>>> print(open('structure.pdb').read())   # PDB, C-alpha atoms and all ligand atoms
ATOM      1  CA  MET A  54      62.040 120.691 -45.315  1.00  0.00           C
ATOM      2  CA  GLN A  55      64.782 122.075 -43.068  1.00  0.00           C
ATOM      3  CA  SER A  56      65.319 120.056 -39.903  1.00  0.00           C
ATOM      4  CA  ASP A  57      66.713 121.156 -36.573  1.00  0.00           C
ATOM      5  CA  ARG A  58      70.155 119.967 -37.673  1.00  0.00           C
ATOM      6  CA  GLU A  59      69.949 122.032 -40.830  1.00  0.00           C
ATOM      7  CA  PHE A  60      69.072 125.087 -38.721  1.00  0.00           C
ATOM      8  CA  TRP A  61      72.335 124.655 -36.785  1.00  0.00           C
ATOM      9  CA  GLU A  62      74.429 123.886 -39.860  1.00  0.00           C
ATOM     10  CA  ASN A  63      72.908 126.222 -42.431  1.00  0.00           C
ATOM     11  CA  ASP A  64      71.804 129.141 -40.282  1.00  0.00           C
ATOM     12  CA  TYR A  65      73.552 129.209 -36.933  1.00  0.00           C
ATOM     13  CA  TYR A  66      77.106 128.039 -37.600  1.00  0.00           C
ATOM     14  CA  LYS A  67      77.249 129.404 -41.151  1.00  0.00           C
ATOM     15  CA  ASN A  68      76.343 132.916 -39.985  1.00  0.00           C
ATOM     16  CA  LEU A  69      78.252 132.965 -36.702  1.00  0.00           C
ATOM     17  CA  GLN A  70      80.580 135.982 -36.516  1.00  0.00           C
ATOM     18  CA  GLU A  71      84.263 135.432 -35.654  1.00  0.00           C
ATOM     19  CA  SER A  72      83.740 137.604 -32.565  1.00  0.00           C
ATOM     20  CA  GLU A  73      80.999 135.218 -31.319  1.00  0.00           C
ATOM     21  CA  LYS A  74      83.161 132.123 -31.556  1.00  0.00           C
ATOM     22  CA  ASP A  75      85.029 132.489 -28.307  1.00  0.00           C
ATOM     23  CA  PHE A  76      82.858 132.669 -25.250  1.00  0.00           C
ATOM     24  CA  LEU A  77      85.003 130.438 -23.082  1.00  0.00           C
ATOM     25  CA  LYS A  78      84.797 133.082 -20.400  1.00  0.00           C
ATOM     26  CA  ASP A  79      81.179 131.980 -19.983  1.00  0.00           C
ATOM     27  CA  THR A  80      81.891 128.357 -19.132  1.00  0.00           C
ATOM     28  CA  PHE A  81      80.244 127.329 -15.889  1.00  0.00           C
ATOM     29  CA  LEU A  82      82.603 124.373 -15.467  1.00  0.00           C
ATOM     30  CA  SER A  83      85.298 126.301 -13.607  1.00  0.00           C
ATOM     31  CA  LYS A  84      82.922 126.439 -10.603  1.00  0.00           C
ATOM     32  CA  TYR A  85      83.038 122.633 -10.497  1.00  0.00           C
ATOM     33  CA  GLU A  86      86.759 122.203 -11.030  1.00  0.00           C
ATOM     34  CA  GLU A  87      87.266 120.236  -7.827  1.00  0.00           C
ATOM     35  CA  LEU A  88      84.378 117.845  -8.505  1.00  0.00           C
ATOM     36  CA  ILE A  89      85.558 117.382 -12.090  1.00  0.00           C
ATOM     37  CA  SER A  90      89.115 116.612 -10.950  1.00  0.00           C
ATOM     38  CA  LYS A  91      87.753 113.604  -9.023  1.00  0.00           C
ATOM     39  CA  VAL A  92      85.605 111.923 -11.681  1.00  0.00           C
ATOM     40  CA  GLU A  93      86.303 108.278 -12.500  1.00  0.00           C
ATOM     41  CA  PRO A  94      86.970 107.060 -15.089  1.00  0.00           C
ATOM     42  CA  LYS A  95      88.751 110.115 -16.459  1.00  0.00           C
ATOM     43  CA  ARG A  96      86.779 109.991 -19.678  1.00  0.00           C
ATOM     44  CA  VAL A  97      84.250 112.723 -20.457  1.00  0.00           C
ATOM     45  CA  LEU A  98      81.485 113.025 -23.017  1.00  0.00           C
ATOM     46  CA  ASP A  99      80.907 116.633 -24.130  1.00  0.00           C
ATOM     47  CA  LEU A 100      77.400 116.313 -25.520  1.00  0.00           C
ATOM     48  CA  GLY A 101      76.335 119.002 -27.990  1.00  0.00           C
ATOM     49  CA  CYS A 102      79.892 120.327 -27.758  1.00  0.00           C
ATOM     50  CA  GLY A 103      79.399 123.273 -30.120  1.00  0.00           C
ATOM     51  CA  LEU A 104      82.672 124.988 -30.946  1.00  0.00           C
ATOM     52  CA  GLY A 105      84.522 123.057 -28.291  1.00  0.00           C
ATOM     53  CA  GLN A 106      85.335 125.573 -25.598  1.00  0.00           C
ATOM     54  CA  ASP A 107      84.286 123.162 -22.860  1.00  0.00           C
ATOM     55  CA  THR A 108      86.048 120.298 -24.651  1.00  0.00           C
ATOM     56  CA  LYS A 109      89.251 122.313 -24.584  1.00  0.00           C
ATOM     57  CA  TRP A 110      88.757 123.295 -20.939  1.00  0.00           C
ATOM     58  CA  LEU A 111      88.134 119.652 -19.920  1.00  0.00           C
ATOM     59  CA  ARG A 112      91.084 118.391 -21.959  1.00  0.00           C
ATOM     60  CA  GLY A 113      93.223 121.037 -20.240  1.00  0.00           C
ATOM     61  CA  ARG A 114      92.364 119.332 -16.906  1.00  0.00           C
ATOM     62  CA  GLY A 115      93.868 116.054 -18.088  1.00  0.00           C
ATOM     63  CA  LEU A 116      90.605 114.348 -19.047  1.00  0.00           C
ATOM     64  CA  LYS A 117      90.144 112.211 -22.121  1.00  0.00           C
ATOM     65  CA  VAL A 118      87.315 113.921 -24.006  1.00  0.00           C
ATOM     66  CA  THR A 119      84.842 112.636 -26.567  1.00  0.00           C
ATOM     67  CA  ALA A 120      83.083 115.645 -28.083  1.00  0.00           C
ATOM     68  CA  CYS A 121      79.909 115.235 -30.122  1.00  0.00           C
ATOM     69  CA  ASP A 122      77.533 117.434 -31.975  1.00  0.00           C
ATOM     70  CA  PHE A 123      75.223 116.914 -34.934  1.00  0.00           C
ATOM     71  CA  ALA A 124      76.511 120.063 -36.702  1.00  0.00           C
ATOM     72  CA  LYS A 125      79.495 119.209 -38.891  1.00  0.00           C
ATOM     73  CA  GLN A 126      81.016 122.699 -38.590  1.00  0.00           C
ATOM     74  CA  ALA A 127      81.035 122.393 -34.813  1.00  0.00           C
ATOM     75  CA  VAL A 128      82.843 119.071 -34.900  1.00  0.00           C
ATOM     76  CA  GLN A 129      85.371 120.390 -37.446  1.00  0.00           C
ATOM     77  CA  GLN A 130      86.113 123.385 -35.223  1.00  0.00           C
ATOM     78  CA  VAL A 131      86.628 121.096 -32.208  1.00  0.00           C
ATOM     79  CA  GLN A 132      89.100 119.046 -34.249  1.00  0.00           C
ATOM     80  CA  GLN A 133      91.006 122.264 -34.959  1.00  0.00           C
ATOM     81  CA  ILE A 134      91.049 123.792 -31.499  1.00  0.00           C
ATOM     82  CA  CYS A 135      91.489 120.527 -29.591  1.00  0.00           C
ATOM     83  CA  PRO A 136      93.004 117.846 -31.839  1.00  0.00           C
ATOM     84  CA  GLU A 137      93.648 115.583 -28.819  1.00  0.00           C
ATOM     85  CA  ALA A 138      89.900 115.120 -28.301  1.00  0.00           C
ATOM     86  CA  GLU A 139      87.891 112.508 -30.134  1.00  0.00           C
ATOM     87  CA  ALA A 140      85.265 114.478 -32.083  1.00  0.00           C
ATOM     88  CA  ILE A 141      82.182 112.776 -33.516  1.00  0.00           C
ATOM     89  CA  VAL A 142      79.196 113.935 -35.557  1.00  0.00           C
ATOM     90  CA  LEU A 143      76.129 112.403 -33.925  1.00  0.00           C
ATOM     91  CA  ASP A 144      72.489 113.162 -33.302  1.00  0.00           C
ATOM     92  CA  MET A 145      71.853 112.452 -29.636  1.00  0.00           C
ATOM     93  CA  ARG A 146      68.163 111.724 -30.390  1.00  0.00           C
ATOM     94  CA  GLU A 147      69.378 108.528 -32.051  1.00  0.00           C
ATOM     95  CA  GLY A 148      71.061 107.183 -28.909  1.00  0.00           C
ATOM     96  CA  LEU A 149      74.658 107.329 -27.701  1.00  0.00           C
ATOM     97  CA  PRO A 150      76.981 104.830 -29.411  1.00  0.00           C
ATOM     98  CA  PHE A 151      79.037 104.037 -26.304  1.00  0.00           C
ATOM     99  CA  LYS A 152      79.223 101.064 -23.986  1.00  0.00           C
ATOM    100  CA  ASN A 153      77.479 101.058 -20.606  1.00  0.00           C
ATOM    101  CA  GLY A 154      79.515 102.833 -17.925  1.00  0.00           C
ATOM    102  CA  SER A 155      82.050 104.393 -20.334  1.00  0.00           C
ATOM    103  CA  PHE A 156      82.259 107.891 -18.827  1.00  0.00           C
ATOM    104  CA  GLY A 157      83.006 109.477 -15.463  1.00  0.00           C
ATOM    105  CA  LEU A 158      81.358 112.710 -16.620  1.00  0.00           C
ATOM    106  CA  VAL A 159      78.852 113.840 -19.224  1.00  0.00           C
ATOM    107  CA  ASN A 160      78.881 117.592 -19.865  1.00  0.00           C
ATOM    108  CA  ALA A 161      75.844 119.148 -21.554  1.00  0.00           C
ATOM    109  CA  ASN A 162      76.250 122.909 -21.655  1.00  0.00           C
ATOM    110  CA  LEU A 163      73.063 124.395 -23.172  1.00  0.00           C
ATOM    111  CA  SER A 164      72.533 121.349 -25.370  1.00  0.00           C
ATOM    112  CA  LEU A 165      69.651 119.407 -23.782  1.00  0.00           C
ATOM    113  CA  HIS A 166      66.850 121.913 -24.333  1.00  0.00           C
ATOM    114  CA  TYR A 167      65.797 121.222 -27.909  1.00  0.00           C
ATOM    115  CA  PHE A 168      63.633 118.135 -27.572  1.00  0.00           C
ATOM    116  CA  SER A 169      60.132 116.868 -26.855  1.00  0.00           C
ATOM    117  CA  ILE A 170      59.734 115.510 -23.349  1.00  0.00           C
ATOM    118  CA  ASP A 171      59.829 111.909 -24.661  1.00  0.00           C
ATOM    119  CA  GLU A 172      63.046 112.566 -26.590  1.00  0.00           C
ATOM    120  CA  THR A 173      64.488 114.378 -23.573  1.00  0.00           C
ATOM    121  CA  ALA A 174      63.720 111.410 -21.314  1.00  0.00           C
ATOM    122  CA  LYS A 175      65.252 109.023 -23.857  1.00  0.00           C
ATOM    123  CA  ILE A 176      68.452 111.095 -24.034  1.00  0.00           C
ATOM    124  CA  TRP A 177      68.701 111.316 -20.209  1.00  0.00           C
ATOM    125  CA  ALA A 178      68.252 107.533 -20.045  1.00  0.00           C
ATOM    126  CA  GLU A 179      71.103 107.108 -22.518  1.00  0.00           C
ATOM    127  CA  ILE A 180      73.282 109.470 -20.472  1.00  0.00           C
ATOM    128  CA  TYR A 181      72.506 107.391 -17.383  1.00  0.00           C
ATOM    129  CA  ARG A 182      73.453 104.212 -19.236  1.00  0.00           C
ATOM    130  CA  VAL A 183      76.837 105.486 -20.500  1.00  0.00           C
ATOM    131  CA  LEU A 184      77.860 106.903 -17.107  1.00  0.00           C
ATOM    132  CA  ALA A 185      79.908 104.731 -14.776  1.00  0.00           C
ATOM    133  CA  PRO A 186      78.460 104.184 -11.276  1.00  0.00           C
ATOM    134  CA  GLY A 187      79.193 107.419  -9.390  1.00  0.00           C
ATOM    135  CA  GLY A 188      79.591 109.256 -12.713  1.00  0.00           C
ATOM    136  CA  LYS A 189      78.139 112.750 -13.041  1.00  0.00           C
ATOM    137  CA  LEU A 190      75.910 114.528 -15.526  1.00  0.00           C
ATOM    138  CA  ILE A 191      76.714 118.234 -15.400  1.00  0.00           C
ATOM    139  CA  GLY A 192      74.932 120.833 -17.441  1.00  0.00           C
ATOM    140  CA  VAL A 193      72.916 123.944 -18.045  1.00  0.00           C
ATOM    141  CA  VAL A 194      69.535 124.353 -19.769  1.00  0.00           C
ATOM    142  CA  ASN A 195      67.345 127.379 -20.436  1.00  0.00           C
ATOM    143  CA  SER A 196      64.705 128.218 -17.866  1.00  0.00           C
ATOM    144  CA  ALA A 197      60.979 128.686 -18.470  1.00  0.00           C
ATOM    145  CA  ARG A 198      61.427 132.053 -16.770  1.00  0.00           C
ATOM    146  CA  ASN A 199      62.906 133.418 -20.039  1.00  0.00           C
ATOM    147  CA  GLY A 200      59.742 132.772 -22.094  1.00  0.00           C
ATOM    148  CA  TYR A 201      59.802 132.842 -25.875  1.00  0.00           C
ATOM    149  CA  ALA A 202      56.830 135.150 -26.463  1.00  0.00           C
ATOM    150  CA  ASN A 203      57.428 137.555 -29.372  1.00  0.00           C
ATOM    151  CA  ASP A 204      60.525 135.654 -30.478  1.00  0.00           C
ATOM    152  CA  GLY A 205      58.884 133.716 -33.338  1.00  0.00           C
ATOM    153  CA  TYR A 206      58.627 130.542 -31.227  1.00  0.00           C
ATOM    154  CA  VAL A 207      55.177 129.030 -30.755  1.00  0.00           C
ATOM    155  CA  ALA A 208      54.381 126.749 -27.808  1.00  0.00           C
ATOM    156  CA  SER A 209      53.189 123.245 -28.584  1.00  0.00           C
ATOM    157  CA  PRO A 210      49.453 122.818 -27.798  1.00  0.00           C
ATOM    158  CA  ASP A 211      50.161 119.789 -25.597  1.00  0.00           C
ATOM    159  CA  ASP A 212      53.431 120.984 -23.959  1.00  0.00           C
ATOM    160  CA  LYS A 213      53.626 124.644 -22.991  1.00  0.00           C
ATOM    161  CA  ASN A 214      57.407 124.472 -22.533  1.00  0.00           C
ATOM    162  CA  PHE A 215      58.177 123.015 -25.970  1.00  0.00           C
ATOM    163  CA  TYR A 216      58.409 125.569 -28.762  1.00  0.00           C
ATOM    164  CA  TYR A 217      58.788 125.591 -32.509  1.00  0.00           C
ATOM    165  CA  ASN A 218      59.894 128.430 -34.743  1.00  0.00           C
ATOM    166  CA  PRO A 219      58.311 127.798 -38.168  1.00  0.00           C
ATOM    167  CA  GLN A 220      60.563 130.342 -39.862  1.00  0.00           C
ATOM    168  CA  ARG A 221      63.791 128.899 -38.509  1.00  0.00           C
ATOM    169  CA  LYS A 222      62.332 125.399 -38.432  1.00  0.00           C
ATOM    170  CA  GLN A 223      63.852 124.873 -35.009  1.00  0.00           C
ATOM    171  CA  HIS A 224      62.578 123.448 -31.715  1.00  0.00           C
ATOM    172  CA  LYS A 225      63.462 124.720 -28.235  1.00  0.00           C
ATOM    173  CA  ARG A 226      62.473 123.676 -24.735  1.00  0.00           C
ATOM    174  CA  LEU A 227      62.334 125.708 -21.572  1.00  0.00           C
ATOM    175  CA  PHE A 228      62.709 123.917 -18.239  1.00  0.00           C
ATOM    176  CA  ASP A 229      60.861 124.280 -14.985  1.00  0.00           C
ATOM    177  CA  GLN A 230      60.931 122.178 -11.831  1.00  0.00           C
ATOM    178  CA  ASN A 231      58.212 119.822 -13.139  1.00  0.00           C
ATOM    179  CA  GLN A 232      60.360 118.560 -15.968  1.00  0.00           C
ATOM    180  CA  PHE A 233      63.292 117.842 -13.681  1.00  0.00           C
ATOM    181  CA  ASP A 234      60.925 115.991 -11.338  1.00  0.00           C
ATOM    182  CA  TYR A 235      59.747 113.890 -14.269  1.00  0.00           C
ATOM    183  CA  LEU A 236      63.316 113.139 -15.442  1.00  0.00           C
ATOM    184  CA  ALA A 237      64.398 112.296 -11.895  1.00  0.00           C
ATOM    185  CA  GLN A 238      61.671 109.625 -11.739  1.00  0.00           C
ATOM    186  CA  GLN A 239      63.037 107.803 -14.794  1.00  0.00           C
ATOM    187  CA  ALA A 240      66.223 106.471 -13.136  1.00  0.00           C
ATOM    188  CA  PRO A 241      67.684 106.428  -9.605  1.00  0.00           C
ATOM    189  CA  TRP A 242      69.672 109.659 -10.053  1.00  0.00           C
ATOM    190  CA  LYS A 243      71.220 111.304  -7.004  1.00  0.00           C
ATOM    191  CA  ILE A 244      70.584 115.018  -7.410  1.00  0.00           C
ATOM    192  CA  ARG A 245      73.657 116.889  -6.170  1.00  0.00           C
ATOM    193  CA  VAL A 246      72.898 120.315  -7.640  1.00  0.00           C
ATOM    194  CA  LEU A 247      69.729 121.692  -9.219  1.00  0.00           C
ATOM    195  CA  ARG A 248      69.292 125.440  -9.195  1.00  0.00           C
ATOM    196  CA  GLU A 249      68.042 128.313 -11.264  1.00  0.00           C
ATOM    197  CA  ASN A 250      70.542 131.085 -12.029  1.00  0.00           C
ATOM    198  CA  GLU A 251      70.815 134.275 -13.958  1.00  0.00           C
ATOM    199  CA  ILE A 252      73.769 134.109 -16.325  1.00  0.00           C
ATOM    200  CA  ALA A 253      75.320 136.381 -18.939  1.00  0.00           C
ATOM    201  CA  ARG A 254      76.144 134.584 -22.137  1.00  0.00           C
ATOM    202  CA  LYS A 255      77.517 136.495 -25.096  1.00  0.00           C
ATOM    203  CA  GLU A 256      76.744 139.607 -23.037  1.00  0.00           C
ATOM    204  CA  ARG A 257      73.036 138.648 -22.872  1.00  0.00           C
ATOM    205  CA  LYS A 258      71.413 137.948 -19.521  1.00  0.00           C
ATOM    206  CA  LYS A 259      69.151 134.956 -19.210  1.00  0.00           C
ATOM    207  CA  TYR A 260      67.836 132.455 -16.708  1.00  0.00           C
ATOM    208  CA  THR A 261      69.115 128.913 -16.714  1.00  0.00           C
ATOM    209  CA  TRP A 262      68.984 125.788 -14.612  1.00  0.00           C
ATOM    210  CA  GLU A 263      72.296 124.288 -13.607  1.00  0.00           C
ATOM    211  CA  PHE A 264      72.513 120.673 -12.543  1.00  0.00           C
ATOM    212  CA  VAL A 265      74.882 118.006 -11.321  1.00  0.00           C
ATOM    213  CA  TRP A 266      73.229 114.596 -11.167  1.00  0.00           C
ATOM    214  CA  GLU A 267      75.058 111.461 -10.107  1.00  0.00           C
ATOM    215  CA  LYS A 268      74.479 107.868 -11.187  1.00  0.00           C
TER     216      LYS A 268
HETATM  217  C1  LIG B 301      73.756 126.513 -27.654  1.00  0.00           C
HETATM  218  S1  LIG B 301      74.824 125.365 -28.445  1.00  0.00           S
HETATM  219  C2  LIG B 301      75.901 124.949 -27.076  1.00  0.00           C
HETATM  220  C3  LIG B 301      77.241 124.438 -27.542  1.00  0.00           C
HETATM  221  C4  LIG B 301      78.287 124.183 -26.462  1.00  0.00           C
HETATM  222  N1  LIG B 301      77.907 123.137 -25.554  1.00  0.00           N
HETATM  223  C5  LIG B 301      78.622 125.462 -25.715  1.00  0.00           C
HETATM  224  O1  LIG B 301      78.426 125.525 -24.507  1.00  0.00           O
HETATM  225  O2  LIG B 301      79.090 126.397 -26.352  1.00  0.00           O
HETATM  226  C6  LIG B 301      73.860 123.872 -28.645  1.00  0.00           C
HETATM  227  C7  LIG B 301      74.561 122.791 -29.420  1.00  0.00           C
HETATM  228  O3  LIG B 301      73.778 121.599 -29.395  1.00  0.00           O
HETATM  229  C8  LIG B 301      73.870 120.977 -30.659  1.00  0.00           C
HETATM  230  N2  LIG B 301      72.721 120.091 -30.821  1.00  0.00           N
HETATM  231  C9  LIG B 301      71.410 120.432 -30.852  1.00  0.00           C
HETATM  232  N3  LIG B 301      70.641 119.346 -31.047  1.00  0.00           N
HETATM  233  C10 LIG B 301      71.482 118.285 -31.129  1.00  0.00           C
HETATM  234  C11 LIG B 301      71.290 116.883 -31.334  1.00  0.00           C
HETATM  235  N4  LIG B 301      70.065 116.372 -31.536  1.00  0.00           N
HETATM  236  N5  LIG B 301      72.380 116.073 -31.347  1.00  0.00           N
HETATM  237  C12 LIG B 301      73.622 116.589 -31.195  1.00  0.00           C
HETATM  238  N6  LIG B 301      73.875 117.912 -31.016  1.00  0.00           N
HETATM  239  C13 LIG B 301      72.815 118.752 -30.979  1.00  0.00           C
HETATM  240  C14 LIG B 301      73.897 122.158 -31.641  1.00  0.00           C
HETATM  241  O4  LIG B 301      74.429 121.810 -32.901  1.00  0.00           O
HETATM  242  C15 LIG B 301      74.775 123.138 -30.895  1.00  0.00           C
HETATM  243  O5  LIG B 301      76.125 123.007 -31.223  1.00  0.00           O
END
>>> encode(input="structure.pdb", output="structure tokens", more="lines below")
Ligand SMILES: C[S@@+](CC[C@H](N)C(=O)[O-])C[C@H]1O[C@@H](n2cnc3c(N)ncnc32)[C@H](O)[C@@H]1O
Amino acid sequence: MQSDREFWENDYYKNLQESEKDFLKDTFLSKYEELISKVEPKRVLDLGCGLGQDTKWLRGRGLKVTACDFAKQAVQQVQQICPEAEAIVLDMREGLPFKNGSFGLVNANLSLHYFSIDETAKIWAEIYRVLAPGGKLIGVVNSARNGYANDGYVASPDDKNFYYNPQRKQHKRLFDQNQFDYLAQQAPWKIRVLRENEIARKERKKYTWEFVWEK
């Protein structure tokens, strides 16, 4: 049976059009350039890096970047567009193979909204562990305001924000305030930014939550 990883490798990245491969103009990181310039240590984890636009942007600001994704094509593309970054195939549900306190910044741009709430909490705990004291988690996730009705995704009977598409064999999560409250209770995060926005990504408008949490 196809897994979530196989959806990304066999459907998403295999069928991605050339014209869809460069959406760097959509990166939200430029808004946080000043904050990012001050992170310590100057090592960043780009988690669920996709095709590496953020990796390249971060590398361009003098940071040492470790980019990871569980889709092989994504990691190969990162190696091509940003050979100075370390690029690793990994499934973040299986933990992060880095020492405690390794990173000044973890970037997760639209990559933390695919998991059950238990898996999500486990991944956020791992992010907390690999951040240095004062290190930041910065990211964007899809908002529950978008809804997935009529999109082939069916809500889980015991978690209305966790969806599965039986045709694609892919999970997705939508976030609302309750889930952030739950995640914030799991470790002593300092919440610097947490807000809902409307963004345009690949010319499509959607609602997202943007966050900067500090260890
Ligand atoms: C919407 S894309 C975002 C990619 C990139 N961060 C960007 O902003 O363009 C989500 C990415 O998360 C990756 N991903 C999903 N689940 C993952 C997992 N369990 N472990 C590692 N990567 C995962 C997918 O392969 C995909 O590249």
>>> resolve_selection(input="structure.pdb", expression="the PyMOL selection byres (((chain A and resi 166) around 9) and not hetatm)", output="list in words")
Leu163, Ser164, Leu165, Tyr167, Phe168, Ser169, Thr173, Val193, Val194, Asn195, Phe215, His224, Lys225, Arg226, Leu227 and Phe228 of chain A
>>> closest_residue(input="structure.pdb", among="A:Lys125, A:Lys117, A:Arg182, A:Lys95", to="ligand LIG 301 (chain B)", atoms="all atoms listed in the file")
A:Lys125
>>> resolve_selection(input="structure.pdb", expression="the PyMOL selection byres (((chain A and resi 59) around 12) and not hetatm)", output="PyMOL selection string")
chain A and resi 54-58+60-67+123-126+144+221-224
>>> closest_residue(input="structure.pdb", among="A:Asp107, A:Glu93, A:Asp99, A:Asp229", to="Thr119 (chain A)", atoms="only C-alpha atoms")
A:Asp99
>>> resolve_selection(input="structure.pdb", expression="the PyMOL selection byres (((chain A and resi 85) around 12) and not hetatm)", output="list of chain:residue names")
A:Thr80, A:Phe81, A:Leu82, A:Ser83, A:Lys84, A:Glu86, A:Glu87, A:Leu88, A:Ile89, A:Ser90, A:Lys91, A:Val92, A:Trp110, A:Leu111, A:Arg114, A:Leu158, A:Asn160, A:Lys189, A:Leu190, A:Ile191, A:Gly192, A:Arg245, A:Val246, A:Glu263, A:Phe264, A:Val265
>>> build_atoms(input="structure.pdb", residues="region 95-115 of chain A", atoms="N, CA and C atoms", output="PDB file, in the frame of the given file")
ATOM      1  N   LYS A  95      88.398 108.751 -16.026  1.00  0.00           N
ATOM      2  CA  LYS A  95      88.751 110.115 -16.459  1.00  0.00           C
ATOM      3  C   LYS A  95      88.398 110.318 -17.932  1.00  0.00           C
ATOM      4  N   ARG A  96      87.254 109.822 -18.299  1.00  0.00           N
ATOM      5  CA  ARG A  96      86.779 109.991 -19.678  1.00  0.00           C
ATOM      6  C   ARG A  96      85.467 110.769 -19.651  1.00  0.00           C
ATOM      7  N   VAL A  97      85.384 111.800 -20.471  1.00  0.00           N
ATOM      8  CA  VAL A  97      84.250 112.723 -20.457  1.00  0.00           C
ATOM      9  C   VAL A  97      83.577 112.747 -21.811  1.00  0.00           C
ATOM     10  N   LEU A  98      82.246 112.810 -21.791  1.00  0.00           N
ATOM     11  CA  LEU A  98      81.485 113.025 -23.017  1.00  0.00           C
ATOM     12  C   LEU A  98      80.988 114.467 -23.008  1.00  0.00           C
ATOM     13  N   ASP A  99      81.398 115.251 -24.001  1.00  0.00           N
ATOM     14  CA  ASP A  99      80.907 116.633 -24.130  1.00  0.00           C
ATOM     15  C   ASP A  99      79.793 116.595 -25.183  1.00  0.00           C
ATOM     16  N   LEU A 100      78.573 116.600 -24.689  1.00  0.00           N
ATOM     17  CA  LEU A 100      77.400 116.313 -25.520  1.00  0.00           C
ATOM     18  C   LEU A 100      76.811 117.614 -26.062  1.00  0.00           C
ATOM     19  N   GLY A 101      76.742 117.723 -27.395  1.00  0.00           N
ATOM     20  CA  GLY A 101      76.335 119.002 -27.990  1.00  0.00           C
ATOM     21  C   GLY A 101      77.447 119.999 -27.740  1.00  0.00           C
ATOM     22  N   CYS A 102      78.662 119.617 -28.160  1.00  0.00           N
ATOM     23  CA  CYS A 102      79.892 120.327 -27.758  1.00  0.00           C
ATOM     24  C   CYS A 102      80.026 121.702 -28.390  1.00  0.00           C
ATOM     25  N   GLY A 103      79.255 121.977 -29.463  1.00  0.00           N
ATOM     26  CA  GLY A 103      79.399 123.273 -30.120  1.00  0.00           C
ATOM     27  C   GLY A 103      80.825 123.459 -30.587  1.00  0.00           C
ATOM     28  N   LEU A 104      81.348 124.661 -30.396  1.00  0.00           N
ATOM     29  CA  LEU A 104      82.672 124.988 -30.946  1.00  0.00           C
ATOM     30  C   LEU A 104      83.816 124.483 -30.074  1.00  0.00           C
ATOM     31  N   GLY A 105      83.487 123.805 -29.006  1.00  0.00           N
ATOM     32  CA  GLY A 105      84.522 123.057 -28.291  1.00  0.00           C
ATOM     33  C   GLY A 105      85.215 123.767 -27.152  1.00  0.00           C
ATOM     34  N   GLN A 106      84.655 124.887 -26.705  1.00  0.00           N
ATOM     35  CA  GLN A 106      85.335 125.573 -25.598  1.00  0.00           C
ATOM     36  C   GLN A 106      85.388 124.703 -24.351  1.00  0.00           C
ATOM     37  N   ASP A 107      84.272 124.032 -24.045  1.00  0.00           N
ATOM     38  CA  ASP A 107      84.286 123.162 -22.860  1.00  0.00           C
ATOM     39  C   ASP A 107      85.190 121.951 -23.092  1.00  0.00           C
ATOM     40  N   THR A 108      85.175 121.432 -24.323  1.00  0.00           N
ATOM     41  CA  THR A 108      86.048 120.298 -24.651  1.00  0.00           C
ATOM     42  C   THR A 108      87.495 120.666 -24.330  1.00  0.00           C
ATOM     43  N   LYS A 109      87.874 121.862 -24.787  1.00  0.00           N
ATOM     44  CA  LYS A 109      89.251 122.313 -24.584  1.00  0.00           C
ATOM     45  C   LYS A 109      89.549 122.494 -23.085  1.00  0.00           C
ATOM     46  N   TRP A 110      88.586 123.067 -22.378  1.00  0.00           N
ATOM     47  CA  TRP A 110      88.757 123.295 -20.939  1.00  0.00           C
ATOM     48  C   TRP A 110      88.928 121.945 -20.220  1.00  0.00           C
ATOM     49  N   LEU A 111      88.094 120.977 -20.574  1.00  0.00           N
ATOM     50  CA  LEU A 111      88.134 119.652 -19.920  1.00  0.00           C
ATOM     51  C   LEU A 111      89.431 118.931 -20.264  1.00  0.00           C
ATOM     52  N   ARG A 112      89.826 119.028 -21.510  1.00  0.00           N
ATOM     53  CA  ARG A 112      91.084 118.391 -21.959  1.00  0.00           C
ATOM     54  C   ARG A 112      92.259 118.999 -21.195  1.00  0.00           C
ATOM     55  N   GLY A 113      92.176 120.312 -20.979  1.00  0.00           N
ATOM     56  CA  GLY A 113      93.223 121.037 -20.240  1.00  0.00           C
ATOM     57  C   GLY A 113      93.340 120.570 -18.794  1.00  0.00           C
ATOM     58  N   ARG A 114      92.304 119.879 -18.283  1.00  0.00           N
ATOM     59  CA  ARG A 114      92.364 119.332 -16.906  1.00  0.00           C
ATOM     60  C   ARG A 114      92.752 117.862 -16.939  1.00  0.00           C
ATOM     61  N   GLY A 115      93.313 117.411 -18.030  1.00  0.00           N
ATOM     62  CA  GLY A 115      93.868 116.054 -18.088  1.00  0.00           C
ATOM     63  C   GLY A 115      92.840 114.969 -18.387  1.00  0.00           C
TER      64      GLY A 115
END
